[in-house]
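Structure file query_38.cif (mmCIF, C-alpha atoms) is printed below.
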```cif
data_model
#
loop_
_atom_site.group_PDB
_atom_site.id
_atom_site.type_symbol
_atom_site.label_atom_id
_atom_site.label_comp_id
_atom_site.auth_asym_id
_atom_site.auth_seq_id
_atom_site.Cartn_x
_atom_site.Cartn_y
_atom_site.Cartn_z
ATOM 1 C CA MET A 1 0.000 0.000 0.000
ATOM 2 C CA LYS A 2 1.330 3.405 -0.959
ATOM 3 C CA ILE A 3 0.804 6.589 1.009
ATOM 4 C CA SER A 4 2.346 10.044 0.808
ATOM 5 C CA LEU A 5 4.300 11.186 3.864
ATOM 6 C CA ASN A 6 5.411 14.817 3.679
ATOM 7 C CA HIS A 7 5.073 14.669 -0.105
ATOM 8 C CA LYS A 8 7.241 11.561 -0.322
ATOM 9 C CA GLU A 9 5.712 8.353 -1.574
ATOM 10 C CA ILE A 10 6.127 5.528 0.896
ATOM 11 C CA ASP A 11 5.304 1.852 0.562
ATOM 12 C CA ILE A 12 3.846 0.511 3.766
ATOM 13 C CA THR A 13 4.093 -3.085 4.735
ATOM 14 C CA GLY A 14 4.114 -3.309 8.533
ATOM 15 C CA ALA A 15 2.276 -0.214 9.632
ATOM 16 C CA SER A 16 -1.483 -0.225 9.647
ATOM 17 C CA THR A 17 -2.342 2.696 11.899
ATOM 18 C CA LEU A 18 -1.095 6.243 11.924
ATOM 19 C CA ALA A 19 0.551 5.613 15.301
ATOM 20 C CA ASP A 20 2.520 2.664 13.832
ATOM 21 C CA LEU A 21 3.698 4.734 10.888
ATOM 22 C CA LEU A 22 4.827 7.647 13.059
ATOM 23 C CA ALA A 23 6.649 5.345 15.470
ATOM 24 C CA ALA A 24 8.432 3.633 12.571
ATOM 25 C CA HIS A 25 9.781 6.994 11.421
ATOM 26 C CA ALA A 26 10.450 8.361 14.939
ATOM 27 C CA LEU A 27 7.867 11.097 14.395
ATOM 28 C CA ASP A 28 5.813 10.502 17.516
ATOM 29 C CA GLY A 29 7.659 12.556 20.102
ATOM 30 C CA PRO A 30 6.375 15.677 21.812
ATOM 31 C CA GLY A 31 6.237 18.688 19.544
ATOM 32 C CA TYR A 32 5.104 16.759 16.471
ATOM 33 C CA ALA A 33 1.634 17.084 14.951
ATOM 34 C CA VAL A 34 -0.053 15.349 12.041
ATOM 35 C CA ALA A 35 -2.621 16.188 9.416
ATOM 36 C CA VAL A 36 -4.156 13.652 7.050
ATOM 37 C CA GLY A 37 -5.868 14.985 3.956
ATOM 38 C CA GLY A 38 -5.604 18.510 5.355
ATOM 39 C CA LYS A 39 -7.225 17.673 8.716
ATOM 40 C CA VAL A 40 -5.448 17.376 12.044
ATOM 41 C CA VAL A 41 -5.511 13.936 13.628
ATOM 42 C CA PRO A 42 -5.124 14.507 17.372
ATOM 43 C CA ARG A 43 -2.540 12.509 19.272
ATOM 44 C CA SER A 44 -5.309 10.655 21.113
ATOM 45 C CA GLU A 45 -6.766 9.293 17.849
ATOM 46 C CA ARG A 46 -3.596 8.128 16.120
ATOM 47 C CA ALA A 47 -3.642 4.573 17.480
ATOM 48 C CA THR A 48 -7.095 3.907 16.047
ATOM 49 C CA PHE A 49 -6.603 5.804 12.786
ATOM 50 C CA VAL A 50 -6.269 3.150 10.081
ATOM 51 C CA LEU A 51 -4.178 4.002 7.016
ATOM 52 C CA THR A 52 -5.587 3.476 3.573
ATOM 53 C CA GLU A 53 -4.119 3.590 0.051
ATOM 54 C CA GLY A 54 -3.189 7.044 -1.220
ATOM 55 C CA MET A 55 -3.535 8.946 2.057
ATOM 56 C CA GLU A 56 -1.658 12.228 2.203
ATOM 57 C CA ILE A 57 0.011 12.684 5.556
ATOM 58 C CA ILE A 58 1.828 15.786 6.731
ATOM 59 C CA VAL A 59 3.951 15.816 9.880
ATOM 60 C CA ILE A 60 5.241 19.064 11.357
ATOM 61 C CA LYS A 61 7.568 19.829 14.222
ATOM 62 C CA ALA A 62 8.763 22.797 16.248
ATOM 63 C CA VAL A 63 11.514 24.990 14.849
ATOM 64 C CA CYS A 64 12.967 28.294 15.981
ATOM 65 C CA GLY A 65 11.104 31.403 14.876
ATOM 66 C CA GLY A 66 9.897 34.786 16.024
ATOM 67 C CA MET B 67 1.273 43.788 41.565
ATOM 68 C CA ASP B 68 1.407 45.015 37.958
ATOM 69 C CA THR B 69 0.413 42.077 35.794
ATOM 70 C CA LEU B 70 -0.770 41.461 32.252
ATOM 71 C CA GLN B 71 -3.643 39.118 31.468
ATOM 72 C CA ILE B 72 -3.898 37.476 28.044
ATOM 73 C CA GLY B 73 -6.351 34.612 27.609
ATOM 74 C CA ASN B 74 -6.206 32.510 30.737
ATOM 75 C CA ARG B 75 -2.614 33.458 31.574
ATOM 76 C CA THR B 76 -1.233 36.155 33.825
ATOM 77 C CA PHE B 77 2.197 37.560 33.020
ATOM 78 C CA THR B 78 4.520 39.572 35.207
ATOM 79 C CA SER B 79 7.141 40.017 32.479
ATOM 80 C CA ARG B 80 6.083 42.266 29.620
ATOM 81 C CA LEU B 81 8.903 41.168 27.335
ATOM 82 C CA PHE B 82 8.006 38.388 24.918
ATOM 83 C CA VAL B 83 10.944 36.758 23.148
ATOM 84 C CA GLY B 84 11.268 35.151 19.725
ATOM 85 C CA THR B 85 13.552 32.174 19.114
ATOM 86 C CA GLY B 86 14.699 32.786 15.530
ATOM 87 C CA LYS B 87 18.224 33.562 14.326
ATOM 88 C CA PHE B 88 20.237 32.517 17.410
ATOM 89 C CA GLU B 89 23.625 30.975 16.717
ATOM 90 C CA SER B 90 22.757 27.921 18.773
ATOM 91 C CA ASN B 91 19.904 26.556 20.844
ATOM 92 C CA ALA B 92 22.108 26.663 23.947
ATOM 93 C CA LEU B 93 22.734 30.385 23.478
ATOM 94 C CA MET B 94 19.030 30.956 22.847
ATOM 95 C CA GLU B 95 18.159 29.186 26.094
ATOM 96 C CA LYS B 96 20.552 31.410 28.052
ATOM 97 C CA ALA B 97 19.153 34.552 26.439
ATOM 98 C CA ILE B 98 15.588 33.488 27.243
ATOM 99 C CA LYS B 99 16.557 33.038 30.898
ATOM 100 C CA ALA B 100 18.350 36.386 31.019
ATOM 101 C CA SER B 101 15.352 38.169 29.497
ATOM 102 C CA GLY B 102 13.060 37.044 32.321
ATOM 103 C CA THR B 103 10.376 36.389 29.709
ATOM 104 C CA GLU B 104 7.309 34.262 30.357
ATOM 105 C CA MET B 105 6.216 34.024 26.694
ATOM 106 C CA VAL B 106 8.389 32.515 23.974
ATOM 107 C CA THR B 107 7.514 32.131 20.315
ATOM 108 C CA LEU B 108 8.331 29.224 18.072
ATOM 109 C CA ALA B 109 7.559 28.234 14.504
ATOM 110 C CA MET B 110 6.643 24.971 12.821
ATOM 111 C CA LYS B 111 7.847 23.259 9.702
ATOM 112 C CA ARG B 112 7.239 20.108 7.777
ATOM 113 C CA VAL B 113 9.646 17.384 8.873
ATOM 114 C CA ASP B 114 12.249 16.582 6.228
ATOM 115 C CA LEU B 115 12.404 12.787 6.206
ATOM 116 C CA ASP B 116 15.801 12.723 4.502
ATOM 117 C CA THR B 117 17.563 14.887 7.066
ATOM 118 C CA PRO B 118 18.629 13.355 10.365
ATOM 119 C CA ALA B 119 16.938 14.784 13.465
ATOM 120 C CA ASP B 120 18.757 17.840 14.794
ATOM 121 C CA ASP B 121 18.976 19.350 18.278
ATOM 122 C CA ASP B 122 15.302 19.626 19.219
ATOM 123 C CA MET B 123 14.618 23.286 20.026
ATOM 124 C CA LEU B 124 11.671 22.413 22.263
ATOM 125 C CA HIS B 125 13.983 21.093 24.990
ATOM 126 C CA HIS B 126 15.505 24.551 25.147
ATOM 127 C CA VAL B 127 12.281 26.520 25.527
ATOM 128 C CA VAL B 128 9.934 24.344 27.576
ATOM 129 C CA ALA B 129 10.388 25.468 31.164
ATOM 130 C CA GLU B 130 8.400 26.214 34.280
ATOM 131 C CA GLY B 131 6.549 29.497 33.932
ATOM 132 C CA ILE B 132 7.062 29.835 30.168
ATOM 133 C CA GLN B 133 4.019 30.078 27.908
ATOM 134 C CA LEU B 134 4.733 28.830 24.392
ATOM 135 C CA LEU B 135 3.445 31.037 21.596
ATOM 136 C CA PRO B 136 3.552 29.029 18.353
ATOM 137 C CA ASN B 137 3.302 31.125 15.210
ATOM 138 C CA THR B 138 1.755 30.400 11.843
ATOM 139 C CA SER B 139 4.668 31.738 9.826
ATOM 140 C CA GLY B 140 4.749 30.309 6.301
ATOM 141 C CA VAL B 141 0.992 30.228 5.748
ATOM 142 C CA ARG B 142 -0.458 32.237 2.873
ATOM 143 C CA ASN B 143 -4.109 32.599 3.799
ATOM 144 C CA ALA B 144 -6.717 32.152 6.532
ATOM 145 C CA ALA B 145 -7.464 28.508 5.703
ATOM 146 C CA GLU B 146 -3.800 27.524 6.024
ATOM 147 C CA ALA B 147 -3.499 29.554 9.204
ATOM 148 C CA VAL B 148 -6.392 27.695 10.822
ATOM 149 C CA LEU B 149 -4.824 24.334 9.969
ATOM 150 C CA ALA B 150 -1.442 25.540 11.304
ATOM 151 C CA ALA B 151 -3.070 26.666 14.556
ATOM 152 C CA GLN B 152 -4.776 23.307 14.978
ATOM 153 C CA LEU B 153 -1.475 21.509 14.384
ATOM 154 C CA ALA B 154 0.195 23.780 16.939
ATOM 155 C CA ARG B 155 -2.493 23.057 19.510
ATOM 156 C CA ASP B 156 -1.934 19.342 19.130
ATOM 157 C CA ALA B 157 1.858 19.587 19.043
ATOM 158 C CA PHE B 158 2.333 21.937 21.982
ATOM 159 C CA GLY B 159 -0.839 21.563 24.009
ATOM 160 C CA THR B 160 -1.664 25.267 24.014
ATOM 161 C CA ASP B 161 -4.514 27.381 22.673
ATOM 162 C CA PHE B 162 -2.183 30.368 22.282
ATOM 163 C CA ILE B 163 -1.413 31.175 18.662
ATOM 164 C CA LYS B 164 0.556 34.013 17.121
ATOM 165 C CA LEU B 165 -1.308 34.508 13.882
ATOM 166 C CA GLU B 166 0.962 35.733 11.139
ATOM 167 C CA ILE B 167 -0.044 35.711 7.493
ATOM 168 C CA HIS B 168 2.544 37.582 5.468
ATOM 169 C CA PRO B 169 2.786 36.306 1.917
ATOM 170 C CA ASP B 170 4.811 39.301 0.695
ATOM 171 C CA PRO B 171 8.461 38.166 0.928
ATOM 172 C CA LYS B 172 10.138 41.580 0.688
ATOM 173 C CA TYR B 173 8.510 43.450 3.565
ATOM 174 C CA LEU B 174 6.714 40.548 5.266
ATOM 175 C CA PHE B 175 3.712 42.785 5.789
ATOM 176 C CA PRO B 176 0.739 40.977 7.271
ATOM 177 C CA ASP B 177 -2.349 40.509 5.102
ATOM 178 C CA PRO B 178 -5.151 42.287 7.026
ATOM 179 C CA VAL B 179 -8.067 40.634 5.217
ATOM 180 C CA GLU B 180 -6.889 37.063 5.729
ATOM 181 C CA THR B 181 -5.785 37.899 9.280
ATOM 182 C CA LEU B 182 -9.232 39.175 10.238
ATOM 183 C CA LYS B 183 -10.892 36.098 8.696
ATOM 184 C CA ALA B 184 -8.546 33.708 10.485
ATOM 185 C CA THR B 185 -8.878 35.505 13.822
ATOM 186 C CA GLU B 186 -12.655 35.200 13.710
ATOM 187 C CA GLU B 187 -12.518 31.512 12.923
ATOM 188 C CA LEU B 188 -9.803 30.697 15.459
ATOM 189 C CA ALA B 189 -11.554 32.637 18.236
ATOM 190 C CA LYS B 190 -14.688 30.565 17.560
ATOM 191 C CA LEU B 191 -12.569 27.411 17.842
ATOM 192 C CA GLY B 192 -11.419 28.508 21.297
ATOM 193 C CA PHE B 193 -7.938 29.769 20.448
ATOM 194 C CA THR B 194 -6.239 32.621 22.261
ATOM 195 C CA VAL B 195 -5.327 34.611 19.164
ATOM 196 C CA LEU B 196 -2.499 37.148 19.012
ATOM 197 C CA PRO B 197 -2.461 38.473 15.450
ATOM 198 C CA TYR B 198 0.578 40.185 13.937
ATOM 199 C CA ILE B 199 -0.784 43.218 12.080
ATOM 200 C CA GLN B 200 -0.026 46.559 10.534
ATOM 201 C CA ALA B 201 -0.286 49.444 13.009
ATOM 202 C CA ASP B 202 -3.848 50.043 11.822
ATOM 203 C CA PRO B 203 -6.254 51.353 14.497
ATOM 204 C CA VAL B 204 -9.365 50.406 12.501
ATOM 205 C CA LEU B 205 -8.189 46.835 11.974
ATOM 206 C CA CYS B 206 -7.492 46.579 15.714
ATOM 207 C CA LYS B 207 -11.119 47.432 16.484
ATOM 208 C CA ARG B 208 -12.365 44.931 13.914
ATOM 209 C CA LEU B 209 -10.169 42.242 15.470
ATOM 210 C CA GLU B 210 -11.572 43.104 18.896
ATOM 211 C CA GLU B 211 -15.095 42.612 17.558
ATOM 212 C CA VAL B 212 -14.299 39.090 16.339
ATOM 213 C CA GLY B 213 -12.733 37.984 19.613
ATOM 214 C CA THR B 214 -8.982 38.543 19.411
ATOM 215 C CA ALA B 215 -7.121 38.097 22.711
ATOM 216 C CA ALA B 216 -4.602 40.854 21.941
ATOM 217 C CA VAL B 217 -3.273 42.825 18.994
ATOM 218 C CA MET B 218 0.340 42.839 17.836
ATOM 219 C CA PRO B 219 0.935 45.891 15.658
ATOM 220 C CA LEU B 220 4.353 46.224 14.064
ATOM 221 C CA ALA B 221 6.789 48.983 14.984
ATOM 222 C CA ALA B 222 8.685 48.430 11.714
ATOM 223 C CA PRO B 223 9.102 45.504 9.295
ATOM 224 C CA ILE B 224 10.316 42.232 10.826
ATOM 225 C CA GLY B 225 14.036 42.064 11.519
ATOM 226 C CA THR B 226 14.790 45.664 10.533
ATOM 227 C CA ASN B 227 15.742 47.033 13.992
ATOM 228 C CA LEU B 228 14.333 50.403 12.862
ATOM 229 C CA GLY B 229 12.415 51.187 16.051
ATOM 230 C CA LEU B 230 9.013 52.845 16.352
ATOM 231 C CA VAL B 231 8.450 53.832 12.730
ATOM 232 C CA THR B 232 4.689 53.578 13.323
ATOM 233 C CA ARG B 233 4.735 55.550 16.579
ATOM 234 C CA GLU B 234 1.805 57.894 15.802
ATOM 235 C CA MET B 235 -0.483 54.995 14.875
ATOM 236 C CA LEU B 236 0.653 52.946 17.878
ATOM 237 C CA GLU B 237 -0.365 55.811 20.169
ATOM 238 C CA ILE B 238 -3.869 55.780 18.687
ATOM 239 C CA ILE B 239 -4.110 51.989 18.944
ATOM 240 C CA ILE B 240 -3.019 52.078 22.598
ATOM 241 C CA ASP B 241 -5.497 54.870 23.315
ATOM 242 C CA GLU B 242 -8.419 52.985 21.796
ATOM 243 C CA SER B 243 -7.733 49.321 22.424
ATOM 244 C CA ARG B 244 -9.733 47.274 24.879
ATOM 245 C CA VAL B 245 -7.425 44.268 24.442
ATOM 246 C CA PRO B 246 -3.711 44.149 25.292
ATOM 247 C CA VAL B 247 -1.419 45.829 22.747
ATOM 248 C CA VAL B 248 1.850 43.995 22.136
ATOM 249 C CA VAL B 249 4.263 45.930 19.936
ATOM 250 C CA ASP B 250 5.951 43.398 17.679
ATOM 251 C CA ALA B 251 8.670 43.557 15.041
ATOM 252 C CA GLY B 252 11.314 46.139 14.301
ATOM 253 C CA LEU B 253 12.374 46.995 17.863
ATOM 254 C CA GLY B 254 16.138 47.199 17.511
ATOM 255 C CA ALA B 255 17.342 48.509 20.862
ATOM 256 C CA PRO B 256 16.243 48.507 24.507
ATOM 257 C CA SER B 257 15.493 52.233 24.125
ATOM 258 C CA HIS B 258 12.926 51.361 21.427
ATOM 259 C CA ALA B 259 11.287 48.861 23.762
ATOM 260 C CA ALA B 260 11.309 51.402 26.596
ATOM 261 C CA GLU B 261 9.723 53.973 24.301
ATOM 262 C CA ALA B 262 6.922 51.568 23.353
ATOM 263 C CA MET B 263 6.271 50.834 27.012
ATOM 264 C CA GLU B 264 6.310 54.542 27.903
ATOM 265 C CA LEU B 265 3.586 55.047 25.302
ATOM 266 C CA GLY B 266 1.478 52.544 27.218
ATOM 267 C CA ALA B 267 1.986 49.354 25.231
ATOM 268 C CA ASP B 268 1.102 46.332 27.364
ATOM 269 C CA ALA B 269 4.099 44.325 26.185
ATOM 270 C CA VAL B 270 6.678 44.053 23.417
ATOM 271 C CA LEU B 271 7.954 41.119 21.402
ATOM 272 C CA VAL B 272 11.651 41.100 20.528
ATOM 273 C CA ASN B 273 13.622 38.570 18.541
ATOM 274 C CA THR B 274 16.203 39.754 16.004
ATOM 275 C CA ALA B 275 17.681 42.536 18.159
ATOM 276 C CA ILE B 276 18.541 40.017 20.877
ATOM 277 C CA ALA B 277 19.486 37.084 18.643
ATOM 278 C CA VAL B 278 21.937 38.951 16.405
ATOM 279 C CA ALA B 279 23.542 41.102 19.133
ATOM 280 C CA GLY B 280 27.262 40.734 19.818
ATOM 281 C CA ASP B 281 26.305 39.241 23.178
ATOM 282 C CA PRO B 282 22.701 38.002 22.993
ATOM 283 C CA VAL B 283 22.531 37.116 26.690
ATOM 284 C CA ALA B 284 23.595 40.614 27.787
ATOM 285 C CA MET B 285 21.242 42.145 25.204
ATOM 286 C CA ALA B 286 18.352 40.058 26.563
ATOM 287 C CA ARG B 287 19.059 41.489 30.014
ATOM 288 C CA ALA B 288 19.250 45.000 28.558
ATOM 289 C CA PHE B 289 15.854 44.580 26.908
ATOM 290 C CA ARG B 290 14.437 43.300 30.174
ATOM 291 C CA LEU B 291 15.621 46.464 31.930
ATOM 292 C CA GLY B 292 14.413 48.665 29.075
ATOM 293 C CA VAL B 293 10.926 47.167 29.233
ATOM 294 C CA GLU B 294 10.818 47.468 33.018
ATOM 295 C CA ALA B 295 12.003 51.086 32.915
ATOM 296 C CA GLY B 296 9.493 52.006 30.221
ATOM 297 C CA ARG B 297 6.631 50.386 32.074
ATOM 298 C CA MET B 298 7.637 52.045 35.340
ATOM 299 C CA ALA B 299 7.778 55.433 33.619
ATOM 300 C CA TYR B 300 4.359 54.906 32.062
ATOM 301 C CA LEU B 301 2.830 54.017 35.434
ATOM 302 C CA ALA B 302 4.612 56.942 37.104
ATOM 303 C CA GLY B 303 3.089 59.355 34.583
ATOM 304 C CA LEU B 304 5.397 61.233 32.232
ATOM 305 C CA GLY B 305 5.621 65.002 32.458
ATOM 306 C CA GLY B 306 4.050 67.133 29.736
ATOM 307 C CA VAL B 307 5.961 68.258 26.643
ATOM 308 C CA SER B 308 6.462 71.945 25.873
ATOM 309 C CA ARG B 309 8.084 73.841 22.984
ATOM 310 C CA SER B 310 9.294 76.673 25.247
ATOM 311 C CA ALA B 311 11.462 76.472 28.375
ATOM 312 C CA GLN B 312 9.761 75.794 31.700
ATOM 313 C CA ALA B 313 12.054 76.941 34.536
ATOM 314 C CA SER B 314 12.978 74.363 37.116
ATOM 315 C CA SER B 315 14.940 76.823 39.282
ATOM 316 C CA PRO B 316 13.833 80.163 40.798
ATOM 317 C CA LEU B 317 14.280 83.005 38.324
ATOM 318 C CA THR B 318 14.599 85.857 40.879
ATOM 319 C CA SER B 319 17.967 87.612 40.650
ATOM 320 C CA PHE B 320 20.571 85.639 42.495
ATOM 321 C CA LEU B 321 22.220 88.428 44.550
ATOM 322 C CA ASP B 322 19.227 90.725 45.222
#
```
Could you render the structure as structure tokens?
Amino acid sequence: MKISLNHKEIDITGASTLADLLAAHALDGPGYAVAVGGKVVPRSERATFVLTEGMEIIVIKAVCGG
Amino acid sequence: MDTLQIGNRTFTSRLFVGTGKFESNALMEKAIKASGTEMVTLAMKRVDLDTPADDDMLHHVVAEGIQLLPNTSGVRNAAEAVLAAQLARDAFGTDFIKLEIHPDPKYLFPDPVETLKATEELAKLGFTVLPYIQADPVLCKRLEEVGTAAVMPLAAPIGTNLGLVTREMLEIIIDESRVPVVVDAGLGAPSHAAEAMELGADAVLVNTAIAVAGDPVAMARAFRLGVEAGRMAYLAGLGGVSRSAQASSPLTSFLD
């Protein structure tokens, strides 16, 4: 199954939920947030959020700025 | 005690500090401490999957008594700003959002139409919105009407260190505002910050002037003192201004 993670196409084999995917890429720490298809998926819902073919996932993190 | 209330938070420091442009996160952390600030901004960006994780800036800013103020820098319109704010809320666990929508890359001037739209929507979603805006008194009133928590008019374009270029408009905004006025952008020296506070601004936000100073930690302390002095002078009540001399010594002839 292919999904897009930060505009990069990724082939998923093991991961089935959003939480699995983020853990596999070390993107689940504090200060990270995720949107799927332009909508935020809160931290509390990631473990039950099932990935499907073609999903567009964006992950952001904190950086310095004024 | 002289405090500032924004949203559900009470601040004793009236100096807000930005985290951009520091040489290192360690230096930034020291400057934040020296500034005595209780509100620190940060930005967000899409994670680059091909670049190894760097020194996480969050470790350097999360501290007891510090309110994080994530910004929406990089968004181009209200819809993107709302998504950015929702991401920030989930990432940092705060409703505070510094709304900045400045698509123009040369002057980074904030778009007033998109900013007003986004403020209205974010206020409805329960955010504590601090919008970065032009020093426009009418826009400030419109933002008040749609539920902004504060207004952040610019003194001068971001990063210019020019000081209070918009002074006349800031005075009107301060006179008329019913929400806190935080002067943001362009303050290049502690004297600029003091001047803004003397005018009656509720707080100032400083980033570049501290970050690019020869000694950012000492400059952070200097800004802290400047803000405190300006606030103290405002509360003390400044004397009136006159074009002609007003004698402060007796004018009777000395030897008579």
Next item on the list: With a distance threshold of 6 Å and counting all atoms listed in the file, extract the residues of chain B near chain A and express them as JSON, numbers by chain.
Entry: {"B": [84, 85, 86, 107, 108, 109, 110, 111, 112, 113, 153, 156, 157, 158, 273]}
Next item on the list: Run the PyMOL selection byres ((chain B and resi 291-297) around 6) on the file and write out the hits as a PyMOL selection string.
Entry: chain B and resi 256+259-260+263-264+288-290+298-300
Check: What's the 10 Å shell around Leu18 (chain A), counting all atoms listed in the file, without same-chain residues fewer than 4 positions away, as a count of residues only?
Finding: 17
Could you check which residues have any atom within 9 Å of (-2.4, 0.1, -0.4), counting all atoms listed in the file with coordinates taken straight from the file, and then list them as a PDB file with C-alpha atoms, keeping the file's coordinate frame?
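Output saved as out.pdb:
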```pdb
ATOM      1  CA  MET A   1       0.000   0.000   0.000  1.00  0.00           C
ATOM      2  CA  LYS A   2       1.330   3.405  -0.959  1.00  0.00           C
ATOM      3  CA  ILE A   3       0.804   6.589   1.009  1.00  0.00           C
ATOM      4  CA  ASP A  11       5.304   1.852   0.562  1.00  0.00           C
ATOM      5  CA  ILE A  12       3.846   0.511   3.766  1.00  0.00           C
ATOM      6  CA  THR A  13       4.093  -3.085   4.735  1.00  0.00           C
ATOM      7  CA  LEU A  51      -4.178   4.002   7.016  1.00  0.00           C
ATOM      8  CA  THR A  52      -5.587   3.476   3.573  1.00  0.00           C
ATOM      9  CA  GLU A  53      -4.119   3.590   0.051  1.00  0.00           C
ATOM     10  CA  GLY A  54      -3.189   7.044  -1.220  1.00  0.00           C
TER      11      GLY A  54
END
```
Item checked: Point-to-point distance from CA of Val106 (chain B) to CA of Lys183 (chain B), Å rounded to tenths ->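 The value is 24.9 Å.
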Next item on the list: Figure out the distance between CA of Tyr198 (chain B) and CA of Ala221 (chain B), please, to one decimal in Å.
Entry: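 Going from CA of Ala221 (chain B) over to CA of Tyr198 (chain B) covers 10.8 Å.
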Margin query: What would the selection look like, as a PyMOL selection string, if the PyMOL selection byres ((chain B and resi 223) around 12) were run on the coordinates I just shared?
Written below: chain B and resi 168+170-176+198-201+219-222+224-232+249-254+274
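Picture a line from CA of Gln71 (chain B) to CA of Val195 (chain B); it runs 13.2 Å.
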Note to self: So that I can check the surroundings of Ala284 (chain B), please list as a list in words every protein, DNA and RNA residue that reaches within 10 Å of it, counting all atoms listed in the file and ignoring chain neighbours fewer than 3 positions away.
What the structure shows: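 After dropping sequence-adjacent residues, the list is Lys96, Ala97, Ala100, Ser101, Ile276, Ala279, Gly280, Asp281, Arg287, Ala288, Phe289 and Arg290 of chain B.
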Expand the PyMOL selection byres ((chain B and resi 99) around 12) into the individual residues it matches in the shown file, reporting them as a CSV table (one decimal) with C-alpha atoms, in the frame of the given file.
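Result went into result.csv, see below:
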```csv
chain,number,residue,atom,x,y,z
B,79,SER,CA,7.1,40.0,32.5
B,81,LEU,CA,8.9,41.2,27.3
B,82,PHE,CA,8.0,38.4,24.9
B,83,VAL,CA,10.9,36.8,23.1
B,92,ALA,CA,22.1,26.7,23.9
B,93,LEU,CA,22.7,30.4,23.5
B,94,MET,CA,19.0,31.0,22.8
B,95,GLU,CA,18.2,29.2,26.1
B,96,LYS,CA,20.6,31.4,28.1
B,97,ALA,CA,19.2,34.6,26.4
B,98,ILE,CA,15.6,33.5,27.2
B,100,ALA,CA,18.4,36.4,31.0
B,101,SER,CA,15.4,38.2,29.5
B,102,GLY,CA,13.1,37.0,32.3
B,103,THR,CA,10.4,36.4,29.7
B,104,GLU,CA,7.3,34.3,30.4
B,105,MET,CA,6.2,34.0,26.7
B,106,VAL,CA,8.4,32.5,24.0
B,126,HIS,CA,15.5,24.6,25.1
B,127,VAL,CA,12.3,26.5,25.5
B,128,VAL,CA,9.9,24.3,27.6
B,129,ALA,CA,10.4,25.5,31.2
B,130,GLU,CA,8.4,26.2,34.3
B,131,GLY,CA,6.5,29.5,33.9
B,132,ILE,CA,7.1,29.8,30.2
B,282,PRO,CA,22.7,38.0,23.0
B,283,VAL,CA,22.5,37.1,26.7
B,284,ALA,CA,23.6,40.6,27.8
B,285,MET,CA,21.2,42.1,25.2
B,286,ALA,CA,18.4,40.1,26.6
B,287,ARG,CA,19.1,41.5,30.0
B,290,ARG,CA,14.4,43.3,30.2
```
Checklist line | Best match for closeness to Leu135 (chain B) among B:Thr194, B:Gln152, B:Thr318, B:Thr181, counting all atoms listed in the file | finding: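 The closest residue to Leu135 (chain B) is B:Thr194.
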Next item on the list: Identify, on the basis of all atoms listed in the file, every residue whose closest approach to Val247 (chain B) does not exceed 12 Å; exclude the query and any residue fewer than 6 positions from it along the same chain; express the result as a PyMOL selection string.
Entry: chain B and resi 70-72+80+196-199+201-203+206-207+209-210+214-221+236-241+262-263+265-271
Output C-alpha atoms for every residue in the selection just made, as a compact mmCIF listing (two decimals), in the coordinates of the input.
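And here's again-v3.txt as it stands now:
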```
# COMPACT_ATOMS: atom_id res chain seq x y z
CA LEU B 70 -0.77 41.46 32.25
CA GLN B 71 -3.64 39.12 31.47
CA ILE B 72 -3.90 37.48 28.04
CA ARG B 80 6.08 42.27 29.62
CA LEU B 196 -2.50 37.15 19.01
CA PRO B 197 -2.46 38.47 15.45
CA TYR B 198 0.58 40.18 13.94
CA ILE B 199 -0.78 43.22 12.08
CA ALA B 201 -0.29 49.44 13.01
CA ASP B 202 -3.85 50.04 11.82
CA PRO B 203 -6.25 51.35 14.50
CA CYS B 206 -7.49 46.58 15.71
CA LYS B 207 -11.12 47.43 16.48
CA LEU B 209 -10.17 42.24 15.47
CA GLU B 210 -11.57 43.10 18.90
CA THR B 214 -8.98 38.54 19.41
CA ALA B 215 -7.12 38.10 22.71
CA ALA B 216 -4.60 40.85 21.94
CA VAL B 217 -3.27 42.82 18.99
CA MET B 218 0.34 42.84 17.84
CA PRO B 219 0.94 45.89 15.66
CA LEU B 220 4.35 46.22 14.06
CA ALA B 221 6.79 48.98 14.98
CA LEU B 236 0.65 52.95 17.88
CA GLU B 237 -0.36 55.81 20.17
CA ILE B 238 -3.87 55.78 18.69
CA ILE B 239 -4.11 51.99 18.94
CA ILE B 240 -3.02 52.08 22.60
CA ASP B 241 -5.50 54.87 23.32
CA ALA B 262 6.92 51.57 23.35
CA MET B 263 6.27 50.83 27.01
CA LEU B 265 3.59 55.05 25.30
CA GLY B 266 1.48 52.54 27.22
CA ALA B 267 1.99 49.35 25.23
CA ASP B 268 1.10 46.33 27.36
CA ALA B 269 4.10 44.32 26.18
CA VAL B 270 6.68 44.05 23.42
CA LEU B 271 7.95 41.12 21.40
```
Note to self: I'd like the contact shell of region 140-151 of chain B - 6 Å cut-off, only C-alpha atoms, skipping same-chain residues fewer than 2 positions apart - returned as number ranges by chain.
What the structure shows: B: 138, 153-154, 167, 169, 180, 184
Checklist line | Selected residue of minimal separation from Pro136 (chain B) among B:Thr160, B:Ser315, B:Thr117, B:Thr78, counting all atoms listed in the file | finding: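 Of the candidates, the smallest distance to Pro136 (chain B) is held by B:Thr160.
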